[in-house]
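Engineer: Data file query20.json (JSON, C-alpha atoms) is appended below.
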[["chain", "number", "residue", "atom", "x", "y", "z"],
["D", 182, "MET", "CA", 86.05, -33.50, -39.69],
["D", 183, "GLU", "CA", 86.62, -32.85, -36.02],
["D", 184, "GLN", "CA", 83.50, -32.78, -33.96],
["D", 185, "GLU", "CA", 82.82, -29.30, -32.61],
["D", 186, "ASN", "CA", 83.13, -29.07, -28.84],
["D", 187, "LYS", "CA", 80.01, -27.56, -27.33],
["D", 188, "LEU", "CA", 79.96, -26.17, -23.84],
["D", 189, "PRO", "CA", 77.01, -27.25, -21.70],
["D", 190, "ARG", "CA", 74.21, -24.70, -21.67],
["D", 191, "LYS", "CA", 73.97, -22.59, -18.55],
["D", 192, "PRO", "CA", 70.88, -23.21, -16.42],
["D", 193, "ILE", "CA", 68.17, -20.61, -17.01],
["D", 194, "ILE", "CA", 66.05, -19.07, -14.26],
["D", 195, "THR", "CA", 63.16, -16.70, -15.07],
["D", 196, "LEU", "CA", 61.74, -14.18, -12.62],
["D", 197, "ILE", "CA", 58.23, -12.75, -12.29],
["D", 198, "THR", "CA", 57.47, -10.47, -9.33],
["D", 199, "ASP", "CA", 55.39, -7.46, -8.32],
["D", 200, "PHE", "CA", 58.47, -5.80, -6.78],
["D", 201, "ASP", "CA", 59.16, -3.33, -9.63],
["D", 202, "THR", "CA", 62.81, -2.24, -9.81],
["D", 203, "GLN", "CA", 62.95, 0.93, -7.75],
["D", 204, "ASP", "CA", 63.80, -0.98, -4.57],
["D", 205, "HIS", "CA", 66.52, -3.52, -3.81],
["D", 206, "PHE", "CA", 64.31, -6.61, -3.77],
["D", 207, "VAL", "CA", 64.92, -8.01, -7.27],
["D", 208, "GLY", "CA", 68.66, -7.35, -7.17],
["D", 209, "THR", "CA", 68.96, -8.98, -3.76],
["D", 210, "MET", "CA", 67.19, -12.12, -4.95],
["D", 211, "LYS", "CA", 69.57, -12.32, -7.90],
["D", 212, "GLY", "CA", 72.50, -11.94, -5.52],
["D", 213, "VAL", "CA", 71.30, -14.93, -3.49],
["D", 214, "ILE", "CA", 70.95, -17.03, -6.65],
["D", 215, "TYR", "CA", 74.38, -16.05, -7.98],
["D", 216, "SER", "CA", 75.97, -16.76, -4.56],
["D", 217, "ILE", "CA", 74.75, -20.34, -4.86],
["D", 218, "ASN", "CA", 75.38, -20.74, -8.58],
["D", 219, "PRO", "CA", 77.32, -17.99, -10.37],
["D", 220, "ASP", "CA", 77.10, -19.97, -13.61],
["D", 221, "VAL", "CA", 73.42, -19.33, -14.35],
["D", 222, "ASP", "CA", 71.46, -17.08, -16.69],
["D", 223, "ILE", "CA", 68.66, -15.08, -15.05],
["D", 224, "VAL", "CA", 65.91, -13.69, -17.29],
["D", 225, "ASP", "CA", 63.54, -10.99, -16.03],
["D", 226, "ILE", "CA", 60.11, -11.65, -17.52],
["D", 227, "THR", "CA", 58.47, -8.83, -15.59],
["D", 228, "HIS", "CA", 58.66, -7.12, -12.21],
["D", 229, "LYS", "CA", 55.66, -4.92, -12.94],
["D", 230, "VAL", "CA", 52.89, -7.33, -12.05],
["D", 231, "ALA", "CA", 50.14, -5.31, -10.36],
["D", 232, "SER", "CA", 50.80, -5.37, -6.62],
["D", 233, "TYR", "CA", 49.45, -8.53, -4.93],
["D", 234, "ASP", "CA", 47.71, -9.52, -8.20],
["D", 235, "ILE", "CA", 47.95, -13.30, -8.38],
["D", 236, "PHE", "CA", 46.03, -13.64, -11.64],
["D", 237, "ASP", "CA", 48.21, -11.02, -13.35],
["D", 238, "ALA", "CA", 51.30, -13.02, -12.38],
["D", 239, "ALA", "CA", 49.71, -16.30, -13.44],
["D", 240, "PHE", "CA", 48.87, -14.80, -16.82],
["D", 241, "ALA", "CA", 52.41, -13.49, -17.34],
["D", 242, "LEU", "CA", 53.82, -16.92, -16.53],
["D", 243, "ALA", "CA", 51.36, -18.74, -18.78],
["D", 244, "GLN", "CA", 52.19, -16.49, -21.72],
["D", 245, "SER", "CA", 55.96, -16.84, -21.39],
["D", 246, "TYR", "CA", 57.17, -20.14, -19.92],
["D", 247, "ARG", "CA", 56.73, -22.35, -22.99],
["D", 248, "PHE", "CA", 59.08, -20.19, -25.07],
["D", 249, "PHE", "CA", 62.02, -21.15, -22.86],
["D", 250, "PRO", "CA", 64.21, -24.25, -23.29],
["D", 251, "SER", "CA", 63.51, -27.47, -21.47],
["D", 252, "ASP", "CA", 64.72, -27.55, -17.85],
["D", 253, "THR", "CA", 64.20, -23.82, -17.35],
["D", 254, "ILE", "CA", 63.33, -22.93, -13.75],
["D", 255, "HIS", "CA", 60.56, -20.35, -13.37],
["D", 256, "LEU", "CA", 60.36, -18.36, -10.13],
["D", 257, "VAL", "CA", 57.21, -16.36, -9.35],
["D", 258, "VAL", "CA", 57.09, -14.19, -6.24],
["D", 259, "VAL", "CA", 53.75, -12.43, -5.96],
["D", 260, "ASP", "CA", 53.02, -13.28, -2.38],
["D", 261, "PRO", "CA", 50.39, -11.34, -0.39],
["D", 262, "GLY", "CA", 50.42, -14.20, 2.17],
["D", 263, "VAL", "CA", 54.14, -13.91, 2.94],
["D", 264, "GLY", "CA", 54.91, -14.76, 6.56],
["D", 265, "THR", "CA", 51.73, -16.77, 7.08],
["D", 266, "THR", "CA", 51.16, -20.52, 6.92],
["D", 267, "ARG", "CA", 50.92, -20.48, 3.11],
["D", 268, "ARG", "CA", 53.31, -23.07, 1.69],
["D", 269, "PRO", "CA", 56.25, -22.64, -0.71],
["D", 270, "LEU", "CA", 55.84, -24.93, -3.70],
["D", 271, "LEU", "CA", 58.00, -26.65, -6.28],
["D", 272, "ALA", "CA", 56.08, -27.89, -9.33],
["D", 273, "ARG", "CA", 57.50, -29.94, -12.16],
["D", 274, "SER", "CA", 56.03, -30.57, -15.59],
["D", 275, "LEU", "CA", 57.60, -32.67, -18.31],
["D", 276, "ALA", "CA", 59.87, -29.82, -19.46],
["D", 277, "HIS", "CA", 59.92, -27.10, -16.79],
["D", 278, "LYS", "CA", 60.19, -26.44, -13.07],
["D", 279, "PHE", "CA", 58.22, -23.78, -11.19],
["D", 280, "VAL", "CA", 58.82, -22.32, -7.73],
["D", 281, "ALA", "CA", 56.14, -20.13, -6.17],
["D", 282, "PRO", "CA", 53.93, -19.59, -3.12],
["D", 283, "ASP", "CA", 50.86, -21.78, -2.75],
["D", 284, "ASN", "CA", 48.32, -19.07, -3.54],
["D", 285, "GLY", "CA", 47.03, -20.08, -6.97],
["D", 286, "VAL", "CA", 49.70, -18.31, -8.98],
["D", 287, "LEU", "CA", 50.55, -21.59, -10.76],
["D", 288, "SER", "CA", 46.91, -22.30, -11.66],
["D", 289, "LEU", "CA", 47.30, -21.74, -15.41],
["D", 290, "ILE", "CA", 50.27, -24.11, -15.42],
["D", 291, "TYR", "CA", 48.11, -26.75, -13.76],
["D", 292, "GLU", "CA", 45.49, -26.16, -16.50],
["D", 293, "ARG", "CA", 47.87, -26.24, -19.47],
["D", 294, "GLU", "CA", 50.43, -28.88, -18.51],
["D", 295, "GLU", "CA", 49.74, -32.59, -18.08],
["D", 296, "ASN", "CA", 51.08, -34.61, -15.17],
["D", 297, "VAL", "CA", 52.32, -31.70, -13.07],
["D", 298, "GLU", "CA", 53.92, -32.93, -9.85],
["D", 299, "VAL", "CA", 53.66, -30.44, -6.97],
["D", 300, "ARG", "CA", 55.79, -30.58, -3.83],
["D", 301, "HIS", "CA", 55.62, -28.67, -0.57],
["D", 302, "ILE", "CA", 59.10, -27.25, 0.02],
["D", 303, "THR", "CA", 60.02, -28.22, 3.58],
["D", 304, "ALA", "CA", 63.79, -28.82, 3.40],
["D", 305, "ASP", "CA", 64.74, -25.68, 5.31],
["D", 306, "HIS", "CA", 68.47, -26.42, 5.19],
["D", 307, "TYR", "CA", 68.29, -24.95, 1.66],
["D", 308, "PHE", "CA", 66.89, -21.67, 3.02],
["D", 309, "LEU", "CA", 68.80, -18.64, 4.25],
["D", 310, "ASN", "CA", 68.80, -18.32, 8.01],
["D", 311, "PRO", "CA", 67.05, -16.58, 9.65],
["D", 312, "VAL", "CA", 64.01, -16.53, 7.35],
["D", 313, "SER", "CA", 62.37, -13.13, 7.19],
["D", 314, "ALA", "CA", 58.60, -12.94, 7.69],
["D", 315, "THR", "CA", 58.41, -10.24, 5.00],
["D", 316, "PHE", "CA", 60.99, -11.16, 2.32],
["D", 317, "GLN", "CA", 60.81, -14.88, 1.67],
["D", 318, "GLY", "CA", 61.62, -14.25, -1.99],
["D", 319, "ARG", "CA", 65.16, -13.71, -0.71],
["D", 320, "ASP", "CA", 65.27, -16.28, 2.06],
["D", 321, "ILE", "CA", 63.27, -19.23, 0.67],
["D", 322, "PHE", "CA", 62.45, -18.95, -3.02],
["D", 323, "ALA", "CA", 65.74, -17.56, -4.38],
["D", 324, "PRO", "CA", 67.93, -20.12, -2.60],
["D", 325, "VAL", "CA", 65.66, -22.98, -3.67],
["D", 326, "VAL", "CA", 65.94, -22.05, -7.36],
["D", 327, "GLY", "CA", 69.68, -21.54, -6.89],
["D", 328, "TRP", "CA", 70.08, -25.09, -5.60],
["D", 329, "LEU", "CA", 67.72, -26.42, -8.27],
["D", 330, "SER", "CA", 69.98, -24.86, -10.88],
["D", 331, "LYS", "CA", 72.85, -26.85, -9.31],
["D", 332, "SER", "CA", 70.95, -30.04, -10.23],
["D", 333, "VAL", "CA", 69.67, -30.88, -6.76],
["D", 334, "GLU", "CA", 66.85, -33.38, -7.34],
["D", 335, "VAL", "CA", 63.30, -32.12, -6.75],
["D", 336, "ASP", "CA", 62.55, -34.88, -4.23],
["D", 337, "LYS", "CA", 65.18, -33.40, -1.91],
["D", 338, "PHE", "CA", 63.03, -30.32, -1.29],
["D", 339, "GLY", "CA", 59.87, -31.93, 0.07],
["D", 340, "ASP", "CA", 57.07, -34.44, -0.46],
["D", 341, "PRO", "CA", 54.40, -34.38, -3.17],
["D", 342, "ILE", "CA", 51.03, -32.84, -2.31],
["D", 343, "THR", "CA", 47.65, -32.75, -4.05],
["D", 344, "ASP", "CA", 45.80, -30.13, -1.98],
["D", 345, "PHE", "CA", 47.55, -27.10, -3.49],
["D", 346, "ILE", "CA", 45.50, -23.98, -4.20],
["D", 347, "LYS", "CA", 44.28, -23.46, -7.74],
["D", 348, "PHE", "CA", 41.66, -21.39, -9.46],
["D", 349, "THR", "CA", 39.89, -21.97, -12.77],
["D", 350, "SER", "CA", 40.42, -19.32, -15.40],
["D", 351, "PRO", "CA", 37.21, -17.78, -16.76],
["D", 352, "LYS", "CA", 35.84, -19.55, -19.83],
["D", 353, "PRO", "CA", 33.62, -18.11, -22.58],
["D", 354, "LYS", "CA", 29.91, -18.93, -22.31],
["D", 355, "GLN", "CA", 27.83, -19.81, -25.37],
["D", 356, "VAL", "CA", 24.49, -18.17, -24.54],
["D", 357, "ASN", "CA", 22.77, -19.17, -27.78],
["D", 358, "GLU", "CA", 23.71, -19.88, -31.40],
["D", 359, "SER", "CA", 24.43, -16.21, -32.11],
["D", 360, "LEU", "CA", 25.73, -14.90, -28.78],
["D", 361, "ILE", "CA", 28.85, -15.78, -26.82],
["D", 362, "LYS", "CA", 29.96, -13.99, -23.67],
["D", 363, "GLY", "CA", 33.47, -13.53, -22.35],
["D", 364, "VAL", "CA", 35.39, -11.29, -19.99],
["D", 365, "VAL", "CA", 38.42, -9.01, -20.06],
["D", 366, "LEU", "CA", 41.48, -10.87, -18.79],
["D", 367, "LYS", "CA", 43.96, -8.02, -18.90],
["D", 368, "VAL", "CA", 44.69, -4.51, -20.09],
["D", 369, "ASP", "CA", 48.26, -4.28, -21.35],
["D", 370, "LYS", "CA", 50.67, -1.34, -21.14],
["D", 371, "PHE", "CA", 49.37, 0.06, -24.44],
["D", 372, "GLY", "CA", 45.74, -0.02, -23.34],
["D", 373, "ASN", "CA", 44.85, -3.03, -25.49],
["D", 374, "ILE", "CA", 42.02, -5.06, -23.97],
["D", 375, "LEU", "CA", 42.72, -8.81, -23.90],
["D", 376, "THR", "CA", 39.58, -10.92, -23.65],
["D", 377, "ASN", "CA", 39.31, -14.62, -22.89],
["D", 378, "LEU", "CA", 37.88, -15.29, -26.37],
["D", 379, "ARG", "CA", 39.99, -17.25, -28.86],
["D", 380, "PRO", "CA", 39.44, -17.96, -32.56],
["D", 381, "GLU", "CA", 38.31, -21.51, -31.70],
["D", 382, "ASP", "CA", 35.49, -19.99, -29.62],
["D", 383, "LEU", "CA", 34.32, -17.97, -32.65],
["D", 384, "PRO", "CA", 35.02, -20.12, -35.71],
["D", 385, "GLN", "CA", 32.35, -18.36, -37.81],
["D", 386, "LEU", "CA", 34.15, -15.04, -37.33],
["D", 387, "PHE", "CA", 37.31, -16.48, -38.90],
["D", 388, "ALA", "CA", 35.67, -18.40, -41.73],
["D", 389, "GLU", "CA", 36.25, -17.48, -45.38],
["D", 390, "ASN", "CA", 32.95, -15.61, -45.50],
["D", 391, "PRO", "CA", 32.33, -14.41, -41.93],
["D", 392, "PRO", "CA", 28.89, -13.17, -40.93],
["D", 393, "PRO", "CA", 28.24, -9.62, -39.67],
["D", 394, "PHE", "CA", 29.20, -9.29, -36.02],
["D", 395, "LYS", "CA", 29.17, -6.96, -33.05],
["D", 396, "ILE", "CA", 31.51, -7.00, -30.10],
["D", 397, "ILE", "CA", 29.79, -5.21, -27.24],
["D", 398, "ILE", "CA", 31.75, -3.96, -24.25],
["D", 399, "ASN", "CA", 30.57, -1.34, -21.78],
["D", 400, "GLN", "CA", 27.59, -0.62, -24.09],
["D", 401, "GLN", "CA", 29.93, 0.23, -26.97],
["D", 402, "GLU", "CA", 29.96, -1.67, -30.26],
["D", 403, "ILE", "CA", 33.00, -2.81, -32.26],
["D", 404, "THR", "CA", 32.29, -4.12, -35.74],
["D", 405, "ARG", "CA", 35.72, -4.28, -37.37],
["D", 406, "LEU", "CA", 38.32, -7.05, -37.23],
["D", 407, "ASN", "CA", 41.88, -6.19, -38.36],
["D", 408, "LEU", "CA", 45.06, -8.22, -38.78],
["D", 409, "ALA", "CA", 47.41, -5.66, -37.17],
["D", 410, "TYR", "CA", 47.26, -2.62, -34.89],
["D", 411, "SER", "CA", 48.43, -0.26, -37.63],
["D", 412, "MET", "CA", 45.50, -1.16, -39.88],
["D", 413, "GLY", "CA", 43.08, 0.76, -37.67],
["D", 414, "LYS", "CA", 42.13, 4.35, -38.34],
["D", 415, "PRO", "CA", 42.99, 6.95, -35.66],
["D", 416, "SER", "CA", 40.57, 6.71, -32.71],
["D", 417, "GLU", "CA", 38.77, 3.74, -34.34],
["D", 418, "LEU", "CA", 38.04, 0.82, -32.05],
["D", 419, "PHE", "CA", 38.61, -2.58, -33.62],
["D", 420, "ALA", "CA", 39.45, -6.19, -32.75],
["D", 421, "ILE", "CA", 42.49, -8.29, -33.59],
["D", 422, "VAL", "CA", 43.84, -11.67, -32.54],
["D", 423, "GLY", "CA", 46.97, -10.76, -30.60],
["D", 424, "SER", "CA", 50.18, -12.67, -29.97],
["D", 425, "SER", "CA", 48.60, -14.33, -26.92],
["D", 426, "SER", "CA", 45.98, -15.90, -29.25],
["D", 427, "TYR", "CA", 43.17, -14.00, -27.54],
["D", 428, "LEU", "CA", 40.76, -11.58, -29.17],
["D", 429, "GLU", "CA", 41.85, -8.04, -28.28],
["D", 430, "ILE", "CA", 40.01, -4.72, -28.50],
["D", 431, "CYS", "CA", 42.39, -2.00, -29.67],
["D", 432, "THR", "CA", 42.79, 1.42, -31.18],
["D", 433, "ASN", "CA", 45.72, 2.52, -33.33],
["D", 434, "ARG", "CA", 48.31, 4.29, -31.13],
["D", 435, "GLY", "CA", 45.85, 4.86, -28.34],
["D", 436, "SER", "CA", 44.30, 3.19, -25.32],
["D", 437, "ALA", "CA", 41.15, 1.22, -26.01],
["D", 438, "ALA", "CA", 40.78, 0.67, -22.26],
["D", 439, "LYS", "CA", 40.59, 4.41, -21.62],
["D", 440, "ALA", "CA", 38.29, 4.98, -24.58],
["D", 441, "LEU", "CA", 35.90, 2.31, -23.30],
["D", 442, "ASN", "CA", 36.51, 2.89, -19.57],
["D", 443, "VAL", "CA", 37.01, -0.80, -18.85],
["D", 444, "ASN", "CA", 39.44, -2.95, -16.93],
["D", 445, "ARG", "CA", 39.87, -6.60, -16.09],
["D", 446, "GLY", "CA", 36.66, -8.45, -15.38],
["D", 447, "ALA", "CA", 34.46, -6.39, -17.69],
["D", 448, "GLU", "CA", 31.98, -8.46, -19.68],
["D", 449, "VAL", "CA", 32.32, -8.84, -23.43],
["D", 450, "GLY", "CA", 29.54, -10.01, -25.75],
["D", 451, "VAL", "CA", 29.95, -11.14, -29.35],
["D", 452, "ILE", "CA", 26.85, -11.29, -31.54],
["D", 453, "LEU", "CA", 27.25, -13.26, -34.76],
["D", 454, "GLY", "CA", 24.80, -12.87, -37.61],
["D", 455, "SER", "CA", 22.35, -10.07, -38.24],
["D", 456, "THR", "CA", 23.14, -6.87, -36.36],
["D", 457, "GLU", "CA", 19.98, -5.06, -37.43],
["D", 458, "SER", "CA", 17.98, -3.36, -34.69],
["D", 459, "GLY", "CA", 15.14, -5.49, -33.46],
["D", 460, "SER", "CA", 17.26, -8.59, -33.10],
["D", 461, "GLY", "CA", 16.52, -10.45, -29.89],
["D", 462, "SER", "CA", 20.17, -10.21, -28.75],
["D", 463, "GLN", "CA", 20.98, -6.54, -29.25],
["D", 464, "ASP", "CA", 22.06, -5.85, -25.71],
["D", 465, "PRO", "CA", 23.77, -8.98, -24.32],
["D", 466, "ILE", "CA", 25.64, -7.28, -21.53]]
Write the structure described by the file as structure tokens, please.
Structural biologist:
Amino acid sequence: MEQENKLPRKPIITLITDFDTQDHFVGTMKGVIYSINPDVDIVDITHKVASYDIFDAAFALAQSYRFFPSDTIHLVVVDPGVGTTRRPLLARSLAHKFVAPDNGVLSLIYEREENVEVRHITADHYFLNPVSATFQGRDIFAPVVGWLSKSVEVDKFGDPITDFIKFTSPKPKQVNESLIKGVVLKVDKFGNILTNLRPEDLPQLFAENPPPFKIIINQQEITRLNLAYSMGKPSELFAIVGSSSYLEICTNRGSAAKALNVNRGAEVGVILGSTESGSGSQDPI
């Protein structure tokens, strides 16, 4: 049997920005990349990151990058410090490369990946000239990922650094044996409220015989855990474990965020065990 000839896979570049698509910015960046390497696949993860919102971009990247093949190049341009002394970065994990401004937007990659090497991009002969003070996504970041996709080695772009900016994502806090506190990480397009609580933070809740529980957010109580959005009754607030593996507060075909009047950063309390009035942990928030 003749061995099947397989063409090499095209390099893949993903894009995350806060540019939206009503202006020319995203298309122009793609034009720069294609001018350097027309034989590349560009995947738009999202261009609707909240304006200047570094955590929102970091979250989008953290939820998406690992579903791409090895050697994918991920470009994130959410850059409120554009034109200042903030540095352009190239980070490399075992399987992926990341290009972004040094403003903390890669923080969740630093948390989740081992042995991430970070370089300050200083090789300006890879940039467009002149470099704009307001659109470095076009003049610095897009050309760098274009040349990366042409197999230019990462050490050609600059030296390793260790003083890059990073933040620590909020972690749940075990207050006592029956109370754990978390926060809202994100409200998605459907109004689902994503908390920073995972099943491993609440093992009793996912045991074969779970105890009674209350999820308290903005002085409202949720006492139902469903497997899917459609299992909820109309206007009923309930919890599920969503595709991001976080506990979400939802309502069937409605916005839980509007119903509860909450947004990112709101506190969430989970009481496990007796929910009768008179318990010492009735109002954790």
Engineer: Report the distance between CA of Pro219 in chain D and CA of Phe338 in chain D in Å, rounded to one decimal place.
Structural biologist: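 Straight-line distance from CA of Pro219 in chain D to CA of Phe338 in chain D works out to 20.9 Å.
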Engineer: My list of candidates is D:Leu366, D:Ile421, D:Ile194, D:Ile235. Which is closest to Asn444 in chain D when distances are computed with all atoms listed in the file?
Structural biologist: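 Selected residue with least distance to Asn444 in chain D: D:Leu366.
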Engineer: Kindly provide, as AutoDock Vina command-line options, the centre and edge lengths (Å, one decimal) of an axis-aligned box around all atoms of range 436-446 of chain D given in the file, with 8 Å on each side.
Structural biologist:
--center_x 40.1 --center_y -1.7 --center_z -20.7 --size_x 24.4 --size_y 29.4 --size_z 26.6
Engineer: Report, in Å with one decimal, the straight-line distance from CA of Ala438 in chain D to CA of Glu417 in chain D.
Structural biologist: 12.6 Å
Engineer: Could you list, with a cut-off of 12 Å and counting all atoms listed in the file, the residues of range 395-425 of chain D near range 241-256 of chain D, each shown with its nearest atom pair and the distance in Å rounded to one decimal, rows sorted by chain and ascending number, as a tab-separated table?
Structural biologist:
residue	atom	partner	partner_atom	distance
D:Gly423	CA	D:Gln244	CA	11.8
D:Ser424	CA	D:Gln244	CA	9.3
D:Ser425	CA	D:Gln244	CA	6.7
Engineer: Considering all atoms listed in the file, state which residue in the set D:Ile403, D:Ala281, D:Ala447, D:Leu441 is at the smallest distance from Lys362 in chain D.
Structural biologist: D:Ala447
Engineer: Quick check, in Å to one decimal: how far apart do CA of Ile396 in chain D and CA of Gln355 in chain D lie?
Structural biologist: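 Pair CA of Ile396 in chain D / CA of Gln355 in chain D returns 14.1 Å.
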Engineer: Which residue, D:Lys278, D:Lys367, D:Val263, D:Arg319, has the smallest gap to Glu334 in chain D when you use only C-alpha atoms?
Structural biologist: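 Closest residue, counting only C-alpha atoms: D:Lys278.
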Engineer: Residues near range 222-227 of chain D, anyone? I mean within 9 Å using only C-alpha atoms, not counting same-chain ones fewer than 2 positions away, as a list of chain:residue names.
Structural biologist: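 My list of contacting residues is D:Lys191, D:Pro192, D:Ile193, D:Ile194, D:Thr195, D:Leu196, D:Ile197, D:Thr198, D:Asp199, D:Asp201, D:Lys211, D:Ile214, D:Pro219, D:Asp220, D:Lys229, D:Val230, D:Ala238, D:Ala241, D:Leu242, D:Ser245.
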Engineer: With all atoms listed in the file as the basis for distance, which of D:Leu428, D:Val451, D:Val422, D:Val312 is at the shortest distance from Gln400 in chain D?
Structural biologist: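 Closest candidate: D:Val451.
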Engineer: Every residue with an atom at most 10 Å from (45.0, -21.4, -2.7) (file coordinates; all atoms listed in the file) is what I'm after, so could you write them as number ranges by chain?
Structural biologist: D: 267-268, 282-288, 344-348
Engineer: Next, write the just-selected residues to a file, as a short mmCIF file (atom, residue, chain, number, x, y, z; two decimals), in the frame of the given file, keeping C-alpha atoms as the atom set.
Structural biologist:
data_model
loop_
_atom_site.label_atom_id
_atom_site.label_comp_id
_atom_site.auth_asym_id
_atom_site.auth_seq_id
_atom_site.Cartn_x
_atom_site.Cartn_y
_atom_site.Cartn_z
CA ARG D 267 50.92 -20.48 3.11
CA ARG D 268 53.31 -23.07 1.69
CA PRO D 282 53.93 -19.59 -3.12
CA ASP D 283 50.86 -21.78 -2.75
CA ASN D 284 48.32 -19.07 -3.54
CA GLY D 285 47.03 -20.08 -6.97
CA VAL D 286 49.70 -18.31 -8.98
CA LEU D 287 50.55 -21.59 -10.76
CA SER D 288 46.91 -22.30 -11.66
CA ASP D 344 45.80 -30.13 -1.98
CA PHE D 345 47.55 -27.10 -3.49
CA ILE D 346 45.50 -23.98 -4.20
CA LYS D 347 44.28 -23.46 -7.74
CA PHE D 348 41.66 -21.39 -9.46
#
